[in-house]
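Structure first, then comments.
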Amino acid sequence: MFRRILIANRGEIALRVIRTAREMDIECVAVYSDVDARALHTRMAHVAVPLGGELPSESYLDMDKVLAAARETGAEAIHPGYGFLSENATFARRVEEAGLAWIGPPADAITTMGDKIVSRRAMTEAGVPCVPGLVDPVDDVETAIREADAIGYPIAIKAAAGGGGKGIRIVRDPSTMESAFRAASGEAVASFGDGRVYLERYVDGPRHIEVQVMFDAHGNGVHFFERECSIQRRHQKLVEEAPSCILDEAQRAEMGAVALQAGKAVGYRGAGTVEFLWSNGSFYFLEMNTRLQVEHPVTEMITGVDLVREQIRVADGEPLGYGQDDLSIDGHSIEVRINAENPFEGFLPSTGTLHNLRMPGGPWVRIDSGMYRGLEVGLQYDPMLGKLIVWGRDRAEAIARMIRAIQEMNVGGVHTGLPAALQVLQHERFVNGDFDTHFLESLDIQSPPEHEGIVAVAAAIHRHRLARRRALAPSDAARDGWLARNRSGTARHVERAGVAGATEGIR
Amino acid sequence: MFRRILIANRGEIALRVIRTAREMDIECVAVYSDVDARALHTRMAHVAVPLGGELPSESYLDMDKVLAAARETGAEAIHPGYGFLSENATFARRVEEAGLAWIGPPADAITTMGDKIVSRRAMTEAGVPCVPGLVDPVDDVETAIREADAIGYPIAIKAAAGGGGKGIRIVRDPSTMESAFRAASGEAVASFGDGRVYLERYVDGPRHIEVQVMFDAHGNGVHFFERECSIQRRHQKLVEEAPSCILDEAQRAEMGAVALQAGKAVGYRGAGTVEFLWSNGSFYFLEMNTRLQVEHPVTEMITGVDLVREQIRVADGEPLGYGQDDLSIDGHSIEVRINAENPFEGFLPSTGTLHNLRMPGGPWVRIDSGMYRGLEVGLQYDPMLGKLIVWGRDRAEAIARMIRAIQEMNVGGVHTGLPAALQVLQHERFVNGDFDTHFLESLDIQSPPEHEGIVAVAAAIHRHRLARRRALAPSDAARDGWLARNRSGTARHVERAGVAGATEGIR
Amino acid sequence: MKTYVHFGDRTREVEITERLGELVVTLDGEPCEVSYAEADSHGQVVLNHMGKSYAMSIEGTPHAMAITLAGHRYDATLEDERERAANLAARAKNKGGGVVKAVMPGVVVEVLVEEGQAVEAGQPLLILEAMKMQNEIGAPGSGTVERIHAGAGDAVGAGDKLLSLAVADD
Amino acid sequence: MKTYVHFGDRTREVEITERLGELVVTLDGEPCEVSYAEADSHGQVVLNHMGKSYAMSIEGTPHAMAITLAGHRYDATLEDERERAANLAARAKNKGGGVVKAVMPGVVVEVLVEEGQAVEAGQPLLILEAMKMQNEIGAPGSGTVERIHAGAGDAVGAGDKLLSLAVADD
């Protein structure tokens with residue numbers, strides 16, 4: 001087994017890898033940017049190498065610096081975490097050319113799955129169901145009408161030059177196809193100066209369901225069942241759970257088998273996630289994420305398997321040592337992401353310095369977090385500060401437990417999405433399992449007005465006390481000013497930055 | 001189900017009960033002494049009632065105050081936690097006389113199990129194996145020799161007036177019985193002014209293994225397998241685990257059955273623990289703890305059952321709803337107690353104000369803790385501040401995970417037993433499962449000297465920095481003084497306070 | 001002393017008087033029996049009301065506080081009577097108008113309005129790129145664009161002026 | 001500047017000199033290449049040495065520190081050369097003697113010695129009950145009991161004098 005590995009990442013995922021590595025008696029090399037000199041991953045590693053720089057491009061994305069750090073410290077393998085270089089085929093190749101083990105899939109698999117059109121072709125050949133439709137644009141109305149019948153309604157007409165949902169037209173009735181086609185290509189010209197459009201089956205009320213797979217280097221592969229990730233907003237998941245309450249045993253097995261097919265088709269090795277769109281009982285391949293997912297803990301909680309440990313084992317050439325029949329689902333797990341964002345103002349990013357951190361605890365509550373008192377949450381990096389994970393014997397117990405855990409928690413200094421997660425968990429539709437990827441966006445996030453009175457009283461008394469204390473000790477005034485700075489504001493995202501309903505590239 | 005319950009306790013166990021109650025949508029009434037006005041259990045409850053007073057006798061042990069609080073707040077049931085009034089039969093009766101539900105066993109069961117001699121008789125009648133021996137003193141050498149043969153060697157001669165191990169004589173060979181008997185009663189006279197002694201089989205290299213049982217009000221009972229609690233010192237457990245690595249399936253089932261027998265014999269209801277001494281393949285009834293145990297989490301982790309929820313359900317009259325065959329062991333769990341004590345000075349109590357709390361996290365790490373920054377750890381209450389619990393697929397994984405978790409943790413302001421726990425977990429004998437109740441006391445707790453050099457350098461540089469900073473900002477000097485106060489000292493326990501090897505009354 | 005606590009456009013009036021060291025509180029004119037205790041000096045407070053206790057975390061300044069209660073967060077702005085009068089006057093002077101500032105460091109991608117142009121409340125004024133994301137800055141109120149302080153391509157820091165609005169009399 | 005760091009009866013000598021703002025350190029006379037960084041102002045420090053980093057929590061005063069490293073705890077007392085000389089002199093003056101104080105509030109259960117009695121280092125002097133537990137207070141060094149300040153039944157606070165020892169010349 002490796003004696004020392006380098007973790008080319010930061011934040012909670014770097015800690016996650018360090019924790020398993022420590023348990024495996026493997027030394028960890030952390031790398032860090034100037035901003036992260038005091039970060040927990042820097043402190044918890046056996047060796048910490050400064051990369052310098054503030055921007056990702058100057059640090060965690062700089063292949064030369066990362067590889068140099070590995071060379072200097074004698075690391076034998078590199079774990080990329082998620083994001084940054086994790087899905088960079090060039091980096092994967094360079095790591096192996098440097099004579100190091102790459103704790104990830106083969107570069108070719110990354111390349112294939114990284115390209116929408118190439119992967120769609122590969123999957124179709126492998127017999128993996130994709131959303132019915134055309135890859136190439138249609139030139140005229142006649143072809144469109146003919147193709148539409150072949151694809152089957154409802155049809156989504158999408159601008160070839162578009163993306164981000166602009167210029168999408170939904171057609172549910174053939175009779176309206178012609179007018180819709182003209183309108184769509186007209187809008188496409190207007191928006192992108194390019195009128196070409198293509199057709200695809202429109203997926204109604206889609207749910208985002210993904211399957212966790214793991215392959216060793218000896219042709220063995222298993223899946224660890226599915227995760228339901230439909231509670232999301234603009235490509236950002238907020239609440240994830242496993243298993244999905246919409247799948248029955250038969251479909252669960254089928255989806256798992258299809259996911260393994262997808263992996264085999266690209267000669268996969270290591271941990272990966274095959275994402276599907278589920279709608280009205282059928283599911284379609286969306287994409288494959290060729291790395292560990294943020295939400296992997298919910299899978300660990302219901303299977304008892306440490307996925308990072310498995311990643312490291314197979315990267316070292318060990319066989320899985322178990323088969324599909326050895327795996328089963330025990331209970332239910334939910335994860336809530338703790339993002340620095342303001343759910344009351346359209347989830348705008350929130351910055352500040354963390355203080356008054358109060359973490360929940362007790363039975364079956366797990367915290368994967370890079371947060372610490374004094375952490376300055378800026379805009380350089382992903383706003384995800386950590387994750388709250390619970391396990392319960394069943395979905396109801398897990399929901400109740402997550403609500404309880406969120407109520408125990410406090411993160412001072414920034415806004416977080418926790419109030420939104422709380423509203424989701426307490427929502428009848430979520431409790432009944434009746435939701436799709438549009439659900440979160442349909443909510444108006446607000447705190448229960450019935451408590452505003454008591455809150456107002458508390459705030460007023462607190463102000464009263466502050467005034468008193470300031471009179472006594474000027475130093476407090478400074479502190480208040482400090483807190484004030486940390487509650488600096490937020491901005492509104494441009495609608496065009498995301499597509500309601502589209503779920504490509506979600507992490 | 002109850003709408004509101006009162007928790008007649010403090011610290012981590014009060015939080016533990018509040019957490020499950022919240023998940024069951026039951027409101028919680030906390031009670032608190034003057035010392036605990038800011039305690040977490042006071043803050044996390046829906047209602048908090050001050051009992052006043054600083055000493056337990058003025059607060060948590062004052063039945064009238066607790067019952068009054070329940071009456072005022074309209075609580076429908078009382079959960080006693082452990083310690084304090086939890087094993088007080090009078091209180092159990094008064095709770096029920098007050099028309100409230102008692103989340104605990106029937107008063108009679110508490111009474112019976114609370115008396116060593118009465119419980120021993122009851123268990124013997126019920127066919128539960130007890131340590132062979134006599135309850136009544138033997139008057140003369142002849143009887144002693146005769147009885148000794150009947151009991152079987154090795155024999156322990158104990159002073160009737162004694163206890164605490166004083167005046168115990170171990171006899172392994174009948175030929176030395178006479179001299180030993182005279183010496184023992186002589187010593188008994190000297191120590192207690194009462195020469196009466198009684199005989200008991202001496203249990204060699206005993207392990208403390210206990211079985212968790214749960215009975216509903218309808219005659220159904222199950223056991224949740226065993227916990228191994230042999231890592232203890234002077235009636236204080238430090239490391240607990242489930243399952244025990246010394247039991248095979250057959251003996252596990254046998255011990256579980258015997259535990260259920262014990263409970264049935266006293267008409268038990270609710271959660272209880274039957275403690276056994278295990279030695280060379282046979283086990284003997286020690287005592288039954290008629291309440292929830294500190295170490296209950298390790299049982300929860302391997303069975304997936306929330307024991308507090310079960311306590312509340314059966315107290316409300318619900319049937320268990322499952323049988324023994326529905327329960328099984330999944331993986332392995334270890335708990336380490338976080339006590340304010342100095343393991344380098346004979347585990348003397350340590351007092352101070354908590355700061356620099358850094359809690360571990362990540363996969364399968366659970367924290368049940370009443371700690372918060374600013375908590376003043378005094379001498380009024382039990383020194384246990386919280387518990388660290390981990391789960392692993394097997395014992396080796398659990399040990400590695402607990403070591404990792406302890407290494408992540410920091411508790412500033414007081415000494416804790418964590419370094420001792422770390423030394424136990426890293427000890428070859430513990431790893432091999434080769435230990436008994438004397439193991440912990442046999443260890444010389446010390447931190448690895450090979451790091452003293454680097455630590456010395458850090459300390460010297462830190463001092464250098466402090467001097468600098470003090471020159472700049474006098475306020476820091478104050479802070480250092482404050483820290484210093486918090487590291488106030490400890491005292492040495494009197495050896496006579498405990499018995500090496502005796503495990504009665506351990507919590 | 002009266003304090004006006006605003007949650008967005010909703011306002012609660014809290015009056016606090018101290019009698020013999022005891023706080024006497026009214027909420028929107030109604031008497032409100034409460035006891036208030038600070039669990040620490042960092043804004044962890046416990047408020048008892050009608051036999052229930054509410055543990056809250058309060059952070060911020062005397063004028064803007066964030067209160068967290070059982071996982072829910074309330075952002076409140078506070079004024080006493082004097083401040084309220086002053087603020088009302090200020091608002092009257094330029095309702096919704098004034099200077100629009102950058103709330104985070106970034107780069108101006110595009111200015112969507114021109115000087116002299118009339119804008120509606122919430123209408124996009126310009127696009128600021130920060131965190132690899134395009135953020136749209138809307139008008140705080142309806143009025144006219146008086147001056148534009150930043151142009152496309154400009155890097156701005158938090159607090160920098162972006163543009164000034166004059167309010168249409170209505 | 002030289003600092004003597006004592007762990008119980010083991011002592012390490014650390015010399016720190018600052019050259020061009022850089023710390024130059026020797027440990028027991030040997031050069032020791034380290035870099036030292038504070039993660040916060042509460043004693044979370046990271047020390048790099050021979051290509052490894054050691055994260056430690058340090059608390060205490062310049063004279064007595066508790067250092068936690070990967071779950072292990074080290075209690076150290078520190079002296080510089082001047083302090084060392086002074087302390088040596090003081091120790092010489094009354095080796096092991098001086099005043100025995102209560103380290104925690106409690107009640108004196110029993111005094112096990114008499115004034116004038118000779119005692120060995122570690123010999124039980126009296127029993128203090130605290131935390132529902134009997135704690136035995138031992139002699140810090142061998143000598144003679146000079147005065148007894150507290151009697152059986154007395155309640156004492158932390159820091160209160162219990163008895164004074166005079167040291168036997170040896």
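By convention in this document, the chains of the structure tokens carry letters A, B, ... by their order, each chain's residues are numbered from 1, and ligands are numbered from 1 in the order they are shown.
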Skip segment 153-162 of chain D itself and residues of its chain fewer than 5 positions away, then list as an mmCIF file with C-alpha atoms, in the first residue's frame all residues within 6 Å of it, counting only C-alpha atoms.
```cif
data_model
loop_
_atom_site.group_PDB
_atom_site.id
_atom_site.type_symbol
_atom_site.label_atom_id
_atom_site.label_comp_id
_atom_site.auth_asym_id
_atom_site.auth_seq_id
_atom_site.Cartn_x
_atom_site.Cartn_y
_atom_site.Cartn_z
ATOM 1 C CA VAL D 100 1.407 22.824 50.892
ATOM 2 C CA LYS D 101 -1.791 24.325 49.488
ATOM 3 C CA ALA D 102 -5.189 22.916 48.573
ATOM 4 C CA VAL D 103 -5.450 22.528 44.791
ATOM 5 C CA MET D 104 -9.237 22.291 44.892
ATOM 6 C CA PRO D 105 -11.986 23.385 47.256
ATOM 7 C CA GLY D 106 -12.952 20.668 49.711
ATOM 8 C CA VAL D 107 -13.173 19.580 53.308
ATOM 9 C CA VAL D 108 -10.246 18.299 55.355
ATOM 10 C CA VAL D 109 -11.240 14.791 56.455
#
```
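If we count only C-alpha atoms, these residues of chain D sit within 12 Å of chain A: Ser35, Tyr36, Ala37, Glu38, Ala39, Asp40, Ser41, His42, Gln44, Val45, Val46, Leu47, Asn48, His49, Met50, Gly51, Lys52, Ser53, Tyr54, Ala55, Met56, Ser57, Leu69 and Ala70 of chain D.
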Now that the selection is made, can you save its residues with N, CA and C atoms as a PDB file, in the first residue's frame?
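Output below, filename selection_30.pdb:
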```pdb
ATOM      1  N   SER D  35      10.244  25.828  10.673  1.00  0.00           N
ATOM      2  CA  SER D  35       9.434  27.016  10.387  1.00  0.00           C
ATOM      3  C   SER D  35       8.209  26.927  11.273  1.00  0.00           C
ATOM      4  N   TYR D  36       7.751  28.073  11.751  1.00  0.00           N
ATOM      5  CA  TYR D  36       6.705  28.107  12.768  1.00  0.00           C
ATOM      6  C   TYR D  36       5.622  29.062  12.313  1.00  0.00           C
ATOM      7  N   ALA D  37       4.380  28.621  12.314  1.00  0.00           N
ATOM      8  CA  ALA D  37       3.281  29.499  11.894  1.00  0.00           C
ATOM      9  C   ALA D  37       2.130  29.389  12.874  1.00  0.00           C
ATOM     10  N   GLU D  38       1.487  30.518  13.161  1.00  0.00           N
ATOM     11  CA  GLU D  38       0.308  30.490  14.041  1.00  0.00           C
ATOM     12  C   GLU D  38      -0.944  30.435  13.191  1.00  0.00           C
ATOM     13  N   ALA D  39      -1.770  29.412  13.439  1.00  0.00           N
ATOM     14  CA  ALA D  39      -3.000  29.279  12.651  1.00  0.00           C
ATOM     15  C   ALA D  39      -4.061  30.238  13.175  1.00  0.00           C
ATOM     16  N   ASP D  40      -3.997  30.557  14.438  1.00  0.00           N
ATOM     17  CA  ASP D  40      -4.886  31.587  14.982  1.00  0.00           C
ATOM     18  C   ASP D  40      -4.197  32.210  16.196  1.00  0.00           C
ATOM     19  N   SER D  41      -4.900  33.100  16.863  1.00  0.00           N
ATOM     20  CA  SER D  41      -4.265  33.772  17.995  1.00  0.00           C
ATOM     21  C   SER D  41      -4.585  33.044  19.294  1.00  0.00           C
ATOM     22  N   HIS D  42      -5.094  31.806  19.175  1.00  0.00           N
ATOM     23  CA  HIS D  42      -5.473  31.062  20.380  1.00  0.00           C
ATOM     24  C   HIS D  42      -4.562  29.868  20.622  1.00  0.00           C
ATOM     25  N   GLN D  44      -3.146  27.798  18.277  1.00  0.00           N
ATOM     26  CA  GLN D  44      -3.071  26.740  17.256  1.00  0.00           C
ATOM     27  C   GLN D  44      -1.863  27.047  16.388  1.00  0.00           C
ATOM     28  N   VAL D  45      -0.824  26.249  16.489  1.00  0.00           N
ATOM     29  CA  VAL D  45       0.390  26.528  15.730  1.00  0.00           C
ATOM     30  C   VAL D  45       0.759  25.337  14.854  1.00  0.00           C
ATOM     31  N   VAL D  46       1.499  25.630  13.800  1.00  0.00           N
ATOM     32  CA  VAL D  46       2.004  24.579  12.922  1.00  0.00           C
ATOM     33  C   VAL D  46       3.508  24.740  12.808  1.00  0.00           C
ATOM     34  N   LEU D  47       4.240  23.677  13.108  1.00  0.00           N
ATOM     35  CA  LEU D  47       5.684  23.712  13.062  1.00  0.00           C
ATOM     36  C   LEU D  47       6.168  22.749  11.984  1.00  0.00           C
ATOM     37  N   ASN D  48       6.999  23.240  11.075  1.00  0.00           N
ATOM     38  CA  ASN D  48       7.552  22.367  10.033  1.00  0.00           C
ATOM     39  C   ASN D  48       8.987  22.027  10.362  1.00  0.00           C
ATOM     40  N   HIS D  49       9.305  20.738  10.269  1.00  0.00           N
ATOM     41  CA  HIS D  49      10.650  20.278  10.624  1.00  0.00           C
ATOM     42  C   HIS D  49      10.973  19.030   9.815  1.00  0.00           C
ATOM     43  N   MET D  50      12.082  19.044   9.131  1.00  0.00           N
ATOM     44  CA  MET D  50      12.511  17.906   8.319  1.00  0.00           C
ATOM     45  C   MET D  50      11.384  17.432   7.392  1.00  0.00           C
ATOM     46  N   GLY D  51      10.767  18.365   6.702  1.00  0.00           N
ATOM     47  CA  GLY D  51       9.751  17.997   5.717  1.00  0.00           C
ATOM     48  C   GLY D  51       8.471  17.439   6.298  1.00  0.00           C
ATOM     49  N   LYS D  52       8.264  17.612   7.580  1.00  0.00           N
ATOM     50  CA  LYS D  52       6.984  17.200   8.164  1.00  0.00           C
ATOM     51  C   LYS D  52       6.365  18.376   8.889  1.00  0.00           C
ATOM     52  N   SER D  53       5.039  18.411   8.923  1.00  0.00           N
ATOM     53  CA  SER D  53       4.413  19.488   9.681  1.00  0.00           C
ATOM     54  C   SER D  53       3.748  18.930  10.923  1.00  0.00           C
ATOM     55  N   TYR D  54       3.867  19.655  11.993  1.00  0.00           N
ATOM     56  CA  TYR D  54       3.295  19.256  13.271  1.00  0.00           C
ATOM     57  C   TYR D  54       2.318  20.329  13.725  1.00  0.00           C
ATOM     58  N   ALA D  55       1.027  20.004  13.743  1.00  0.00           N
ATOM     59  CA  ALA D  55       0.027  20.960  14.211  1.00  0.00           C
ATOM     60  C   ALA D  55      -0.148  20.744  15.714  1.00  0.00           C
ATOM     61  N   MET D  56       0.000  21.799  16.472  1.00  0.00           N
ATOM     62  CA  MET D  56      -0.107  21.681  17.926  1.00  0.00           C
ATOM     63  C   MET D  56      -1.038  22.739  18.487  1.00  0.00           C
ATOM     64  N   SER D  57      -1.665  22.405  19.612  1.00  0.00           N
ATOM     65  CA  SER D  57      -2.391  23.400  20.384  1.00  0.00           C
ATOM     66  C   SER D  57      -1.549  23.733  21.603  1.00  0.00           C
ATOM     67  N   LEU D  69      -0.282  17.458  20.780  1.00  0.00           N
ATOM     68  CA  LEU D  69       0.200  17.099  19.450  1.00  0.00           C
ATOM     69  C   LEU D  69      -0.417  15.753  19.077  1.00  0.00           C
ATOM     70  N   ALA D  70      -1.269  15.759  18.067  1.00  0.00           N
ATOM     71  CA  ALA D  70      -1.905  14.516  17.598  1.00  0.00           C
ATOM     72  C   ALA D  70      -2.483  13.693  18.745  1.00  0.00           C
TER      73      ALA D  70
END
```
**Request:** If you run DSSP over the backbone, which residues in segment 190-288 of chain B end up strand (DSSP E)? Put them as a count of residues only.
**Result:** 51
task: Excluding segment 306-319 of chain A and any residue of its chain fewer than 3 positions from it, enumerate the residues within 9 Å of it, using only C-alpha atoms, and give them as number ranges by chain.
output: A: 1-2, 16-17, 20-21, 24, 77, 79, 101-105, 214-220, 269-271, 292, 296-297, 299-301, 303, 322; B: 363
Could you take the residues named above and write them with N, CA and C atoms, as a CSV table (one decimal), in the first residue's frame?
```csv
chain,number,residue,atom,x,y,z
A,1,MET,N,0.8,-1.2,0.0
A,1,MET,CA,0.0,0.0,0.0
A,1,MET,C,0.9,1.3,0.0
A,2,PHE,N,0.4,2.4,-0.5
A,2,PHE,CA,1.1,3.6,-0.6
A,2,PHE,C,1.6,4.0,0.8
A,16,ARG,N,-11.6,15.1,4.1
A,16,ARG,CA,-12.2,13.7,3.9
A,16,ARG,C,-11.2,12.7,3.5
A,17,VAL,N,-10.4,13.0,2.5
A,17,VAL,CA,-9.3,12.1,2.1
A,17,VAL,C,-8.3,11.9,3.1
A,20,THR,N,-9.5,9.3,5.9
A,20,THR,CA,-9.4,7.9,5.5
A,20,THR,C,-7.9,7.5,5.4
A,21,ALA,N,-7.1,8.3,4.8
A,21,ALA,CA,-5.7,8.0,4.6
A,21,ALA,C,-5.0,7.7,6.0
A,24,MET,N,-5.8,4.5,7.3
A,24,MET,CA,-5.1,3.4,6.5
A,24,MET,C,-3.6,3.5,6.8
A,77,ALA,N,1.2,8.7,-4.8
A,77,ALA,CA,0.0,8.8,-5.5
A,77,ALA,C,-0.7,10.1,-5.3
A,79,HIS,N,-4.5,12.1,-5.1
A,79,HIS,CA,-5.9,12.1,-5.0
A,79,HIS,C,-6.4,13.5,-5.4
A,101,ALA,N,0.9,7.1,-9.0
A,101,ALA,CA,-0.4,6.4,-9.1
A,101,ALA,C,-1.5,7.5,-9.1
A,102,TRP,N,-2.5,7.4,-10.0
A,102,TRP,CA,-3.6,8.4,-10.2
A,102,TRP,C,-4.8,7.8,-9.5
A,103,ILE,N,-5.2,8.4,-8.4
A,103,ILE,CA,-6.4,7.9,-7.7
A,103,ILE,C,-7.6,8.4,-8.4
A,104,GLY,N,-7.9,7.8,-9.6
A,104,GLY,CA,-9.0,8.2,-10.4
A,104,GLY,C,-9.1,7.3,-11.6
A,105,PRO,N,-10.0,7.6,-12.5
A,105,PRO,CA,-10.2,6.7,-13.7
A,105,PRO,C,-9.1,7.0,-14.8
A,214,MET,N,-18.0,1.5,-8.8
A,214,MET,CA,-16.6,1.3,-8.4
A,214,MET,C,-16.0,0.1,-9.2
A,215,PHE,N,-15.0,0.4,-9.9
A,215,PHE,CA,-14.3,-0.7,-10.7
A,215,PHE,C,-12.9,-0.9,-10.2
A,216,ASP,N,-12.4,-2.1,-10.1
A,216,ASP,CA,-11.0,-2.3,-9.8
A,216,ASP,C,-10.2,-2.5,-11.1
A,217,ALA,N,-8.9,-2.7,-11.0
A,217,ALA,CA,-8.1,-2.8,-12.3
A,217,ALA,C,-8.1,-4.2,-12.8
A,218,HIS,N,-9.0,-5.1,-12.3
A,218,HIS,CA,-9.0,-6.5,-12.8
A,218,HIS,C,-10.3,-6.8,-13.4
A,219,GLY,N,-11.1,-5.8,-13.8
A,219,GLY,CA,-12.3,-6.1,-14.5
A,219,GLY,C,-13.5,-6.3,-13.6
A,220,ASN,N,-13.3,-6.2,-12.3
A,220,ASN,CA,-14.5,-6.3,-11.4
A,220,ASN,C,-15.1,-4.9,-11.2
A,269,ARG,N,-12.1,2.6,-14.2
A,269,ARG,CA,-11.4,2.1,-13.0
A,269,ARG,C,-11.6,3.2,-11.9
A,270,GLY,N,-11.9,2.7,-10.7
A,270,GLY,CA,-12.0,3.6,-9.6
A,270,GLY,C,-13.5,4.0,-9.4
A,271,ALA,N,-13.7,5.1,-8.7
A,271,ALA,CA,-15.1,5.5,-8.3
A,271,ALA,C,-15.6,6.5,-9.4
A,292,LEU,N,-15.0,11.3,-7.4
A,292,LEU,CA,-15.8,11.2,-6.2
A,292,LEU,C,-16.8,12.4,-6.3
A,296,HIS,N,-21.1,11.8,-1.9
A,296,HIS,CA,-20.8,10.4,-1.7
A,296,HIS,C,-21.1,9.9,-0.2
A,297,PRO,N,-21.1,10.8,0.8
A,297,PRO,CA,-21.3,10.2,2.1
A,297,PRO,C,-22.7,9.5,2.3
A,299,THR,N,-24.1,7.6,0.4
A,299,THR,CA,-24.0,6.2,-0.1
A,299,THR,C,-23.2,5.4,1.0
A,300,GLU,N,-22.2,6.1,1.6
A,300,GLU,CA,-21.4,5.4,2.6
A,300,GLU,C,-22.2,5.0,3.8
A,301,MET,N,-23.2,6.0,4.1
A,301,MET,CA,-24.0,5.7,5.3
A,301,MET,C,-24.9,4.6,5.2
A,303,THR,N,-24.5,2.0,3.0
A,303,THR,CA,-23.8,0.7,2.7
A,303,THR,C,-22.7,0.3,3.7
A,322,TYR,N,-15.0,-8.2,-3.3
A,322,TYR,CA,-16.4,-8.5,-3.0
A,322,TYR,C,-17.2,-8.3,-4.3
B,363,PRO,N,-16.4,10.5,8.5
B,363,PRO,CA,-17.2,9.3,8.4
B,363,PRO,C,-17.3,8.6,9.7
```
Those of chain D in DSSP helix (DSSP H, G or I), formatted as an mmCIF file with N, CA and C atoms, in the first residue's frame:
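Once everything was written out, this is result-v7.cif:
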```cif
data_model
loop_
_atom_site.group_PDB
_atom_site.id
_atom_site.type_symbol
_atom_site.label_atom_id
_atom_site.label_comp_id
_atom_site.auth_asym_id
_atom_site.auth_seq_id
_atom_site.Cartn_x
_atom_site.Cartn_y
_atom_site.Cartn_z
ATOM 1 N N GLU D 81 17.437 31.771 31.161
ATOM 2 C CA GLU D 81 18.619 31.617 32.020
ATOM 3 C C GLU D 81 18.476 32.375 33.338
ATOM 4 N N ARG D 82 17.959 33.599 33.247
ATOM 5 C CA ARG D 82 17.834 34.422 34.447
ATOM 6 C C ARG D 82 16.901 33.733 35.452
ATOM 7 N N GLU D 83 15.702 33.345 34.938
ATOM 8 C CA GLU D 83 14.731 32.683 35.815
ATOM 9 C C GLU D 83 15.330 31.411 36.408
ATOM 10 N N ARG D 84 16.090 30.697 35.550
ATOM 11 C CA ARG D 84 16.629 29.427 36.021
ATOM 12 C C ARG D 84 17.526 29.644 37.235
ATOM 13 N N ALA D 85 18.413 30.629 37.093
ATOM 14 C CA ALA D 85 19.322 30.933 38.208
ATOM 15 C C ALA D 85 18.509 31.229 39.468
ATOM 16 N N ALA D 86 17.513 32.107 39.299
ATOM 17 C CA ALA D 86 16.692 32.496 40.452
ATOM 18 C C ALA D 86 16.029 31.260 41.060
ATOM 19 N N ASN D 87 15.429 30.436 40.213
ATOM 20 C CA ASN D 87 14.711 29.261 40.727
ATOM 21 C C ASN D 87 15.643 28.291 41.429
ATOM 22 N N LEU D 88 16.845 28.114 40.835
ATOM 23 C CA LEU D 88 17.802 27.207 41.473
ATOM 24 C C LEU D 88 18.113 27.704 42.876
ATOM 25 N N ALA D 89 18.336 29.027 42.972
ATOM 26 C CA ALA D 89 18.641 29.612 44.281
ATOM 27 C C ALA D 89 17.493 29.323 45.251
ATOM 28 N N ALA D 90 16.268 29.588 44.777
ATOM 29 C CA ALA D 90 15.100 29.387 45.634
ATOM 30 C C ALA D 90 15.027 27.928 46.085
ATOM 31 N N ARG D 91 15.221 27.021 45.114
ATOM 32 C CA ARG D 91 15.137 25.592 45.455
ATOM 33 C C ARG D 91 16.198 25.243 46.492
ATOM 34 N N ALA D 92 17.386 25.824 46.283
ATOM 35 C CA ALA D 92 18.473 25.533 47.224
ATOM 36 C C ALA D 92 18.049 25.957 48.631
ATOM 37 N N LYS D 93 17.364 27.120 48.692
ATOM 38 C CA LYS D 93 16.973 27.685 49.982
ATOM 39 C C LYS D 93 16.080 26.692 50.747
#
```
